[in-house]
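Printed here is work_30.txt (compact mmCIF, C-alpha atoms):
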```
# COMPACT_ATOMS: atom_id res chain seq x y z
CA MET A 1 -25.08 2.06 -3.52
CA LYS A 2 -23.52 -0.45 -1.14
CA ALA A 3 -20.47 0.62 0.86
CA ILE A 4 -18.52 -0.08 4.01
CA GLN A 5 -18.53 2.71 6.60
CA TYR A 6 -17.73 3.36 10.25
CA GLU A 7 -18.88 6.17 12.52
CA GLU A 8 -16.44 5.82 15.42
CA TYR A 9 -12.91 4.63 16.09
CA GLY A 10 -12.56 1.01 17.09
CA GLY A 11 -11.94 -2.57 16.04
CA PRO A 12 -13.25 -4.37 12.94
CA GLU A 13 -16.67 -4.57 14.57
CA VAL A 14 -17.30 -0.86 13.87
CA LEU A 15 -17.34 -1.54 10.11
CA ARG A 16 -20.86 -1.61 8.68
CA PHE A 17 -22.17 -2.74 5.27
CA VAL A 18 -24.60 0.06 4.44
CA GLU A 19 -26.58 1.78 1.71
CA VAL A 20 -25.32 5.30 0.88
CA GLU A 21 -25.82 7.85 -1.88
CA GLU A 22 -23.77 7.38 -5.03
CA PRO A 23 -20.99 9.90 -5.74
CA HIS A 24 -20.87 11.54 -9.18
CA ALA A 25 -17.88 12.62 -11.22
CA GLY A 26 -17.00 16.29 -10.96
CA PRO A 27 -14.55 18.24 -13.12
CA GLY A 28 -11.31 16.32 -13.62
CA GLN A 29 -12.78 13.12 -12.22
CA ILE A 30 -14.04 9.77 -13.38
CA ARG A 31 -16.42 7.45 -11.60
CA LEU A 32 -15.72 3.75 -11.70
CA LYS A 33 -17.84 0.77 -10.82
CA VAL A 34 -15.46 -0.96 -8.44
CA MET A 35 -14.61 -4.54 -9.40
CA ALA A 36 -11.85 -4.94 -6.80
CA SER A 37 -10.47 -2.82 -3.98
CA GLY A 38 -7.15 -3.19 -2.17
CA VAL A 39 -6.97 -3.56 1.61
CA ASN A 40 -4.01 -1.79 3.26
CA PRO A 41 -2.70 -1.74 6.86
CA PHE A 42 -3.00 2.05 6.83
CA GLU A 43 -6.78 1.63 6.81
CA PHE A 44 -7.05 -0.26 10.09
CA LYS A 45 -4.62 2.20 11.68
CA VAL A 46 -6.91 5.07 10.74
CA ARG A 47 -9.94 3.09 11.95
CA ARG A 48 -8.27 2.36 15.28
CA GLY A 49 -7.48 6.06 15.74
CA TYR A 50 -3.72 5.50 15.63
CA MET A 51 -3.37 8.18 12.96
CA ARG A 52 -5.76 10.75 14.41
CA ASP A 53 -2.97 13.28 15.06
CA PHE A 54 -2.04 13.16 11.37
CA ILE A 55 -5.32 12.26 9.65
CA PRO A 56 -8.30 12.95 11.89
CA ALA A 57 -11.38 11.07 10.75
CA SER A 58 -14.43 12.90 9.44
CA PHE A 59 -17.23 10.48 10.25
CA PRO A 60 -18.77 8.56 8.64
CA VAL A 61 -15.67 7.13 6.95
CA THR A 62 -15.66 4.91 3.87
CA PRO A 63 -12.20 3.25 3.89
CA GLY A 64 -9.95 2.48 0.95
CA THR A 65 -7.81 4.34 -1.56
CA GLU A 66 -7.07 1.94 -4.43
CA ALA A 67 -9.41 0.21 -6.81
CA ALA A 68 -9.83 -1.31 -10.23
CA GLY A 69 -13.07 -1.10 -12.14
CA ILE A 70 -15.10 0.03 -15.13
CA VAL A 71 -15.56 3.72 -15.95
CA ASP A 72 -19.24 4.71 -15.94
CA GLU A 73 -19.03 8.52 -15.65
CA VAL A 74 -16.49 10.97 -17.07
CA GLY A 75 -16.32 14.46 -15.60
CA GLU A 76 -15.75 17.74 -17.37
CA GLY A 77 -12.23 18.26 -18.70
CA VAL A 78 -11.21 14.59 -18.55
CA THR A 79 -9.75 13.25 -21.79
CA GLY A 80 -8.32 9.94 -22.95
CA VAL A 81 -10.90 7.78 -21.21
CA SER A 82 -14.45 6.75 -22.03
CA VAL A 83 -17.40 5.09 -20.35
CA GLY A 84 -16.83 1.33 -20.43
CA ASP A 85 -13.02 1.53 -20.16
CA GLU A 86 -11.31 -0.66 -17.59
CA VAL A 87 -8.98 1.22 -15.23
CA LEU A 88 -6.99 1.02 -12.02
CA ALA A 89 -7.07 4.07 -9.84
CA TYR A 90 -6.01 5.92 -6.72
CA THR A 91 -9.40 7.08 -5.51
CA VAL A 92 -10.49 10.32 -3.85
CA THR A 93 -13.52 8.70 -2.25
CA GLY A 94 -13.48 5.47 -0.26
CA SER A 95 -12.87 2.46 -2.48
CA TYR A 96 -14.73 0.04 -0.16
CA ALA A 97 -17.84 0.81 -2.17
CA GLU A 98 -19.81 -0.07 -5.25
CA TYR A 99 -18.71 3.18 -6.93
CA ALA A 100 -15.71 5.47 -6.35
CA LEU A 101 -14.32 8.68 -7.82
CA ALA A 102 -10.76 9.08 -9.06
CA GLU A 103 -8.53 11.75 -10.54
CA ASP A 104 -5.40 9.61 -10.73
CA PHE A 105 -5.96 6.53 -12.91
CA ALA A 106 -4.58 4.42 -15.73
CA PRO A 107 -5.90 1.92 -18.26
CA LYS A 108 -5.98 -1.68 -17.14
CA PRO A 109 -4.23 -3.93 -19.65
CA ALA A 110 -6.43 -6.73 -20.95
CA GLY A 111 -4.08 -9.37 -19.54
CA LEU A 112 -4.14 -7.97 -16.00
CA ASP A 113 -6.71 -9.49 -13.63
CA TRP A 114 -8.88 -7.27 -11.43
CA GLU A 115 -7.25 -8.33 -8.15
CA THR A 116 -3.70 -7.57 -9.26
CA ALA A 117 -4.80 -4.29 -10.82
CA ALA A 118 -6.34 -3.21 -7.50
CA ALA A 119 -3.15 -4.16 -5.66
CA LEU A 120 -0.86 -1.89 -7.66
CA PRO A 121 -1.70 1.80 -6.96
CA VAL A 122 -0.67 2.13 -3.29
CA ALA A 123 2.36 -0.18 -3.43
CA THR A 124 3.83 1.33 -6.59
CA LYS A 125 3.09 4.96 -5.73
CA THR A 126 4.44 4.64 -2.20
CA SER A 127 7.60 2.75 -3.09
CA GLU A 128 8.52 5.02 -6.02
CA HIS A 129 8.05 8.06 -3.75
CA VAL A 130 10.15 6.60 -0.93
CA LEU A 131 13.00 5.42 -3.16
CA ASN A 132 13.13 8.90 -4.70
CA ILE A 133 13.36 10.48 -1.23
CA LEU A 134 16.13 8.03 -0.33
CA LYS A 135 17.84 8.71 -3.69
CA VAL A 136 18.55 5.01 -4.16
CA THR A 137 21.03 4.27 -6.94
CA ASP A 138 23.09 1.34 -8.20
CA SER A 139 25.85 2.15 -5.71
CA ASP A 140 23.63 1.73 -2.64
CA THR A 141 22.82 -1.05 -0.21
CA LEU A 142 19.18 -0.66 0.83
CA LEU A 143 17.59 -2.31 3.88
CA VAL A 144 13.83 -2.93 3.56
CA HIS A 145 11.97 -3.79 6.76
CA GLY A 146 8.92 -5.92 5.96
CA ALA A 147 10.24 -6.81 2.53
CA ALA A 148 7.81 -9.69 1.93
CA SER A 149 4.74 -7.46 2.36
CA VAL A 150 3.07 -6.17 -0.79
CA VAL A 151 4.48 -2.64 -0.48
CA GLY A 152 7.83 -3.99 0.69
CA SER A 153 8.13 -6.49 -2.15
CA VAL A 154 7.34 -3.82 -4.73
CA GLY A 155 9.99 -1.61 -3.10
CA VAL A 156 12.47 -4.48 -3.37
CA GLN A 157 11.72 -4.95 -7.06
CA PHE A 158 12.00 -1.23 -7.81
CA ALA A 159 15.32 -0.96 -5.93
CA VAL A 160 16.74 -4.05 -7.65
CA ALA A 161 15.71 -2.52 -11.00
CA ARG A 162 17.75 0.56 -10.06
CA GLY A 163 20.77 -1.69 -9.53
CA ALA A 164 20.86 -1.43 -5.73
CA THR A 165 21.86 -4.25 -3.40
CA VAL A 166 18.75 -5.01 -1.34
CA ILE A 167 18.57 -6.67 2.07
CA GLY A 168 15.06 -7.53 3.21
CA THR A 169 13.74 -8.52 6.61
CA ALA A 170 11.11 -11.26 6.70
CA SER A 171 10.17 -14.47 8.43
CA GLU A 172 12.07 -17.59 7.41
CA ALA A 173 9.04 -18.79 5.43
CA ASN A 174 9.39 -15.81 3.08
CA HIS A 175 13.13 -16.00 2.45
CA ASP A 176 12.87 -17.96 -0.79
CA TYR A 177 10.32 -15.45 -2.05
CA LEU A 178 12.69 -12.55 -1.35
CA ARG A 179 15.53 -14.35 -3.08
CA SER A 180 13.31 -14.77 -6.13
CA LEU A 181 12.90 -10.98 -6.19
CA GLY A 182 16.64 -10.41 -6.00
CA ALA A 183 16.96 -9.52 -2.32
CA VAL A 184 19.18 -10.96 0.41
CA PRO A 185 16.81 -12.09 3.19
CA VAL A 186 17.42 -11.76 6.94
CA THR A 187 15.14 -12.74 9.79
CA TYR A 188 13.66 -9.88 11.82
CA GLY A 189 13.65 -9.72 15.62
CA ASP A 190 16.33 -9.72 18.31
CA GLY A 191 19.86 -9.64 16.91
CA LEU A 192 18.75 -8.05 13.63
CA ALA A 193 21.63 -5.55 13.54
CA ASP A 194 24.23 -8.31 13.76
CA ARG A 195 22.52 -10.36 11.04
CA VAL A 196 22.40 -7.35 8.72
CA ARG A 197 26.07 -6.54 9.35
CA ALA A 198 26.96 -10.13 8.53
CA VAL A 199 25.51 -9.81 5.02
CA ALA A 200 26.41 -6.13 4.53
CA PRO A 201 29.86 -5.66 6.09
CA ARG A 202 30.33 -2.35 4.25
CA GLY A 203 27.23 -0.91 5.88
CA ILE A 204 23.73 0.23 4.98
CA ASP A 205 23.26 3.32 2.83
CA ALA A 206 19.48 3.69 3.13
CA VAL A 207 16.52 2.16 4.98
CA TYR A 208 12.88 1.74 3.91
CA ASP A 209 10.60 0.78 6.83
CA VAL A 210 7.30 -0.74 5.76
CA THR A 211 6.48 -2.49 9.05
CA GLY A 212 6.35 0.16 11.79
CA TYR A 213 7.27 -2.53 14.32
CA ASP A 214 9.80 -0.49 16.32
CA VAL A 215 12.69 -0.75 13.86
CA VAL A 216 13.64 2.92 13.74
CA GLU A 217 16.30 2.65 16.45
CA VAL A 218 18.04 -0.33 14.87
CA SER A 219 17.87 1.44 11.51
CA ILE A 220 19.64 4.49 12.95
CA GLU A 221 22.21 2.18 14.53
CA LEU A 222 22.88 0.48 11.19
CA ARG A 223 23.27 3.89 9.58
CA GLY A 224 25.98 4.78 12.08
CA GLY A 225 23.73 7.19 13.95
CA ALA A 226 22.57 9.06 10.83
CA THR A 227 18.87 9.64 10.18
CA ASP A 228 18.98 11.36 6.80
CA ARG A 229 18.41 8.30 4.56
CA ILE A 230 15.78 6.45 6.58
CA VAL A 231 12.09 6.61 5.67
CA SER A 232 9.21 4.96 7.50
CA ILE A 233 5.72 4.69 6.02
CA ALA A 234 4.33 2.89 9.08
CA ASP A 235 5.73 4.40 12.29
CA PRO A 236 4.21 7.81 13.13
CA THR A 237 6.74 8.27 15.96
CA ALA A 238 9.66 8.18 13.52
CA ALA A 239 9.63 11.95 13.03
CA LYS A 240 10.30 12.47 16.74
CA ARG A 241 13.64 10.72 16.21
CA GLY A 242 14.60 12.68 13.12
CA VAL A 243 13.42 10.06 10.62
CA THR A 244 11.17 10.93 7.69
CA PHE A 245 7.60 9.60 8.03
CA THR A 246 5.64 9.69 4.80
CA GLY A 247 3.39 7.75 2.48
CA ALA A 248 2.33 8.05 -1.14
CA ASP A 249 2.48 11.61 -2.42
CA GLY A 250 1.51 13.53 -5.52
CA ARG A 251 -0.06 12.45 -8.79
CA PHE A 252 1.15 9.42 -10.70
CA GLY A 253 1.04 10.76 -14.24
CA PRO A 254 1.94 8.08 -16.80
CA GLN A 255 3.83 5.88 -14.32
CA LEU A 256 0.79 3.94 -13.11
CA ALA A 257 0.08 2.84 -16.69
CA ASP A 258 3.73 1.75 -17.02
CA TYR A 259 3.52 -0.33 -13.84
CA ALA A 260 0.24 -1.90 -14.95
CA ARG A 261 1.80 -2.97 -18.25
CA LEU A 262 4.86 -4.27 -16.41
CA ALA A 263 2.66 -6.37 -14.12
CA ALA A 264 0.60 -7.67 -17.05
CA ASP A 265 3.82 -8.72 -18.80
CA GLY A 266 5.13 -10.52 -15.70
CA GLY A 267 7.85 -7.97 -14.92
CA LEU A 268 6.33 -6.87 -11.59
CA SER A 269 5.12 -9.40 -9.04
CA VAL A 270 2.37 -8.90 -6.45
CA ARG A 271 1.20 -11.79 -4.27
CA ILE A 272 -2.55 -11.98 -3.75
CA ALA A 273 -3.30 -13.74 -0.45
CA GLN A 274 -7.08 -13.77 -0.37
CA SER A 275 -10.14 -11.97 -1.70
CA PHE A 276 -13.36 -11.28 0.19
CA PRO A 277 -16.82 -10.04 -0.80
CA LEU A 278 -17.21 -6.36 0.04
CA ALA A 279 -19.66 -7.25 2.80
CA ASP A 280 -16.85 -9.14 4.57
CA ALA A 281 -14.53 -6.13 4.83
CA ALA A 282 -14.32 -6.55 8.62
CA ARG A 283 -12.85 -10.05 8.16
CA ALA A 284 -10.33 -8.69 5.67
CA GLN A 285 -9.22 -5.87 7.95
CA GLU A 286 -9.03 -8.25 10.90
CA LEU A 287 -6.61 -10.42 8.91
CA SER A 288 -4.67 -7.34 7.81
CA GLU A 289 -4.33 -6.32 11.45
CA THR A 290 -2.51 -9.56 12.31
CA GLY A 291 0.45 -8.30 10.27
CA HIS A 292 0.77 -11.66 8.51
CA PRO A 293 -1.82 -11.87 5.73
CA GLY A 294 0.63 -13.62 3.38
CA GLY A 295 0.11 -11.15 0.54
CA LYS A 296 -2.41 -8.65 -0.72
CA LEU A 297 -5.98 -8.73 0.60
CA ILE A 298 -8.69 -7.76 -1.87
CA LEU A 299 -12.36 -6.86 -1.60
CA ARG A 300 -14.24 -7.98 -4.69
CA ALA A 301 -17.48 -6.83 -6.29
CA VAL A 302 -19.85 -9.46 -4.87
CA PHE A 303 -22.73 -7.95 -2.94
```
Could you render the structure as structure tokens?
Amino acid sequence: MKAIQYEEYGGPEVLRFVEVEEPHAGPGQIRLKVMASGVNPFEFKVRRGYMRDFIPASFPVTPGTEAAGIVDEVGEGVTGVSVGDEVLAYTVTGSYAEYALAEDFAPKPAGLDWETAAALPVATKTSEHVLNILKVTDSDTLLVHGAASVVGSVGVQFAVARGATVIGTASEANHDYLRSLGAVPVTYGDGLADRVRAVAPRGIDAVYDVTGYDVVEVSIELRGGATDRIVSIADPTAAKRGVTFTGADGRFGPQLADYARLAADGGLSVRIAQSFPLADAARAQELSETGHPGGKLILRAVF
């Protein structure tokens, strides 16, 4: 099958479009023919070697964790799904490939396009996990750094649904978008603490950092020196300052299906910025690495 792989740490140029052996579904797994795969900043950070102390690479690496596609193998012990079903999934093999294996998956509603389906697993799983760690409720004011990103915007929507007041950092160009999601936007950069205090005079109860762009210190400042309700999914140095560093964790269960139906019905918004053929994965990751892709980047099944 066709896949994207790299055999050393480095820039986008280390990504290669190659022919590799197909994986096959084992017990508890399905195999899907990938129709669309999500591109996430985490993937270029692993490729660059930024995460090697936490997730050392075992070369060759096929990137990617989320995909949407058509089931073509069903492993032993798997029930409720058949060959030919359309699913979205959190894969256990790299999703930058023609085929991928998954243990955590959900049916794709007929009204949900492939690109949006592929954009949901990481953002929904990560944000639900983080908001649970932060114990966000309707009495809280939550600050989301990088709120206009795909993961950040899903976190905003989930927190608003819980009844929380949400303040989101973003560039001026994304402020109307954040308002449409129910958040109060503020511009990031120098003077951020003062701008946040101006819109949240009673203080910040919890912080969700999606960016990793050196916002841990200002987050601690806005929490009055406390670190207990701050979570970063993007800054590996956060733990050294007493802040929780984590990503998606555990199995979804039925929640992924719920989120897929919500997105199909228009109750959960994900912006798709651009889609690329799988062979152009290096271009997609290069754009992801700028930090300003303008929405979700997708690799599509065109070989």
Can you check which parts of segment 8-58 of chain A lie within 9 Å of segment 88-96 of chain A? Per residue, the shortest pair of atoms and distance in Å to one decimal, counting only C-alpha atoms, sorted by chain and number, as JSON lines.
```
{"residue": "A:Pro23", "atom": "CA", "partner": "A:Thr93", "partner_atom": "CA", "distance": 8.3}
{"residue": "A:Leu32", "atom": "CA", "partner": "A:Ala89", "partner_atom": "CA", "distance": 8.9}
{"residue": "A:Val34", "atom": "CA", "partner": "A:Ser95", "partner_atom": "CA", "distance": 7.3}
{"residue": "A:Ala36", "atom": "CA", "partner": "A:Ser95", "partner_atom": "CA", "distance": 8.6}
{"residue": "A:Ser37", "atom": "CA", "partner": "A:Ser95", "partner_atom": "CA", "distance": 6.0}
{"residue": "A:Gly38", "atom": "CA", "partner": "A:Ser95", "partner_atom": "CA", "distance": 8.0}
{"residue": "A:Val39", "atom": "CA", "partner": "A:Tyr96", "partner_atom": "CA", "distance": 8.7}
```
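Note that atom CA of Ala57 of chain A and atom CA of Ile233 of chain A are 18.9 Å apart.
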- prompt: Looking at all atoms listed in the file, which of A:Met35, A:Ile167, A:Val215, A:Val186 is the one that sits closest to Phe276 of chain A?
  reply: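 Using all atoms listed in the file, Phe276 of chain A sits closest to A:Met35.
Distance check against Phe252 of chain A using all atoms listed in the file: of A:Thr124, A:Gln157, A:Ser288, A:Gln274, the minimum falls on A:Thr124.
Residue nearest Phe105 of chain A, chosen from A:Gly69, A:Gly146, A:Gly295, A:Gly224 and counting only C-alpha atoms: A:Gly69.
Picture a line from atom CA of Ser153 of chain A to atom CA of Pro185 of chain A; it runs 11.6 Å.
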- prompt: Around (8.0, -4.6, 4.6) in the file's frame, which residues reach within 10 Å when counting all atoms listed in the file? Return as an NGL selection string?
  reply: :A and (143-156 or 168-170 or 208-213 or 233-234)
Export of prior selection with C-alpha atoms as an mmCIF file, keeping the file's coordinate frame:
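Saved result, part22.cif, follows:
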```
data_model
loop_
_atom_site.group_PDB
_atom_site.id
_atom_site.type_symbol
_atom_site.label_atom_id
_atom_site.label_comp_id
_atom_site.auth_asym_id
_atom_site.auth_seq_id
_atom_site.Cartn_x
_atom_site.Cartn_y
_atom_site.Cartn_z
ATOM 1 C CA LEU A 143 17.590 -2.310 3.880
ATOM 2 C CA VAL A 144 13.830 -2.930 3.560
ATOM 3 C CA HIS A 145 11.970 -3.790 6.760
ATOM 4 C CA GLY A 146 8.920 -5.920 5.960
ATOM 5 C CA ALA A 147 10.240 -6.810 2.530
ATOM 6 C CA ALA A 148 7.810 -9.690 1.930
ATOM 7 C CA SER A 149 4.740 -7.460 2.360
ATOM 8 C CA VAL A 150 3.070 -6.170 -0.790
ATOM 9 C CA VAL A 151 4.480 -2.640 -0.480
ATOM 10 C CA GLY A 152 7.830 -3.990 0.690
ATOM 11 C CA SER A 153 8.130 -6.490 -2.150
ATOM 12 C CA VAL A 154 7.340 -3.820 -4.730
ATOM 13 C CA GLY A 155 9.990 -1.610 -3.100
ATOM 14 C CA VAL A 156 12.470 -4.480 -3.370
ATOM 15 C CA GLY A 168 15.060 -7.530 3.210
ATOM 16 C CA THR A 169 13.740 -8.520 6.610
ATOM 17 C CA ALA A 170 11.110 -11.260 6.700
ATOM 18 C CA TYR A 208 12.880 1.740 3.910
ATOM 19 C CA ASP A 209 10.600 0.780 6.830
ATOM 20 C CA VAL A 210 7.300 -0.740 5.760
ATOM 21 C CA THR A 211 6.480 -2.490 9.050
ATOM 22 C CA GLY A 212 6.350 0.160 11.790
ATOM 23 C CA TYR A 213 7.270 -2.530 14.320
ATOM 24 C CA ILE A 233 5.720 4.690 6.020
ATOM 25 C CA ALA A 234 4.330 2.890 9.080
#
```
- prompt: By how many Å are atom CA of Arg251 of chain A and atom CA of Gly28 of chain A apart?
  reply: 12.8 Å
- prompt: Which one of A:Leu192, A:Leu120, A:Ala248, A:Val74 sits closest to Leu297 of chain A if you count all atoms listed in the file?
  reply: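 Result for the nearest residue to Leu297 of chain A: A:Leu120.
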Residue with smallest distance to Glu43 of chain A - pool A:Asn132, A:Thr79, A:Gln285, A:Thr116, counting only C-alpha atoms: A:Gln285
message: When you look at segment 3-19 of chain A with a cut-off of 10 Å (counting all atoms listed in the file), what residues show up, excluding the ones that are within fewer than 3 positions of it in the same chain? I need them as a ChimeraX atom specification.
response: /A:22,44-50,52,57-64,94-100,278-287,289,303
- prompt: Got a sec: who's within 10 Å of Ala226 of chain A, counting all atoms listed in the file, leaving out chain neighbours fewer than 6 positions off, as a count of residues only?
  reply: 6
Find the smallest box with edges along x, y and z containing every listed atom of segment 189-198 of chain A, then add 8 Å on each side and report centre and edge lengths in Å to one decimal, as AutoDock Vina command-line options.
```
--center_x 20.3 --center_y -8.0 --center_z 13.4 --size_x 29.3 --size_y 20.8 --size_z 25.8
```
query: Closest to Leu101 of chain A among A:Gly26, A:His129, A:Met51, A:Gly77, using all atoms listed in the file?
result: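 Among the listed residues, A:Gly26 lies closest to Leu101 of chain A.
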- request: Would you kindly return, as a ChimeraX atom specification, each protein, DNA or RNA residue with an atom no farther than 6 Å from any atom of segment 138-141 of chain A, considering all atoms listed in the file and excluding same-chain residues fewer than 6 positions away?
  value: /A:162-166,204-205
For the selection you just gave me, I'd like the residues written to a file as a tab-separated table (two decimals), keeping the file's coordinate frame, keeping C-alpha atoms.
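The resulting file, again_22.tsv, is reproduced below:
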```
chain	number	residue	atom	x	y	z
A	162	ARG	CA	17.75	0.56	-10.06
A	163	GLY	CA	20.77	-1.69	-9.53
A	164	ALA	CA	20.86	-1.43	-5.73
A	165	THR	CA	21.86	-4.25	-3.40
A	166	VAL	CA	18.75	-5.01	-1.34
A	204	ILE	CA	23.73	0.23	4.98
A	205	ASP	CA	23.26	3.32	2.83
```
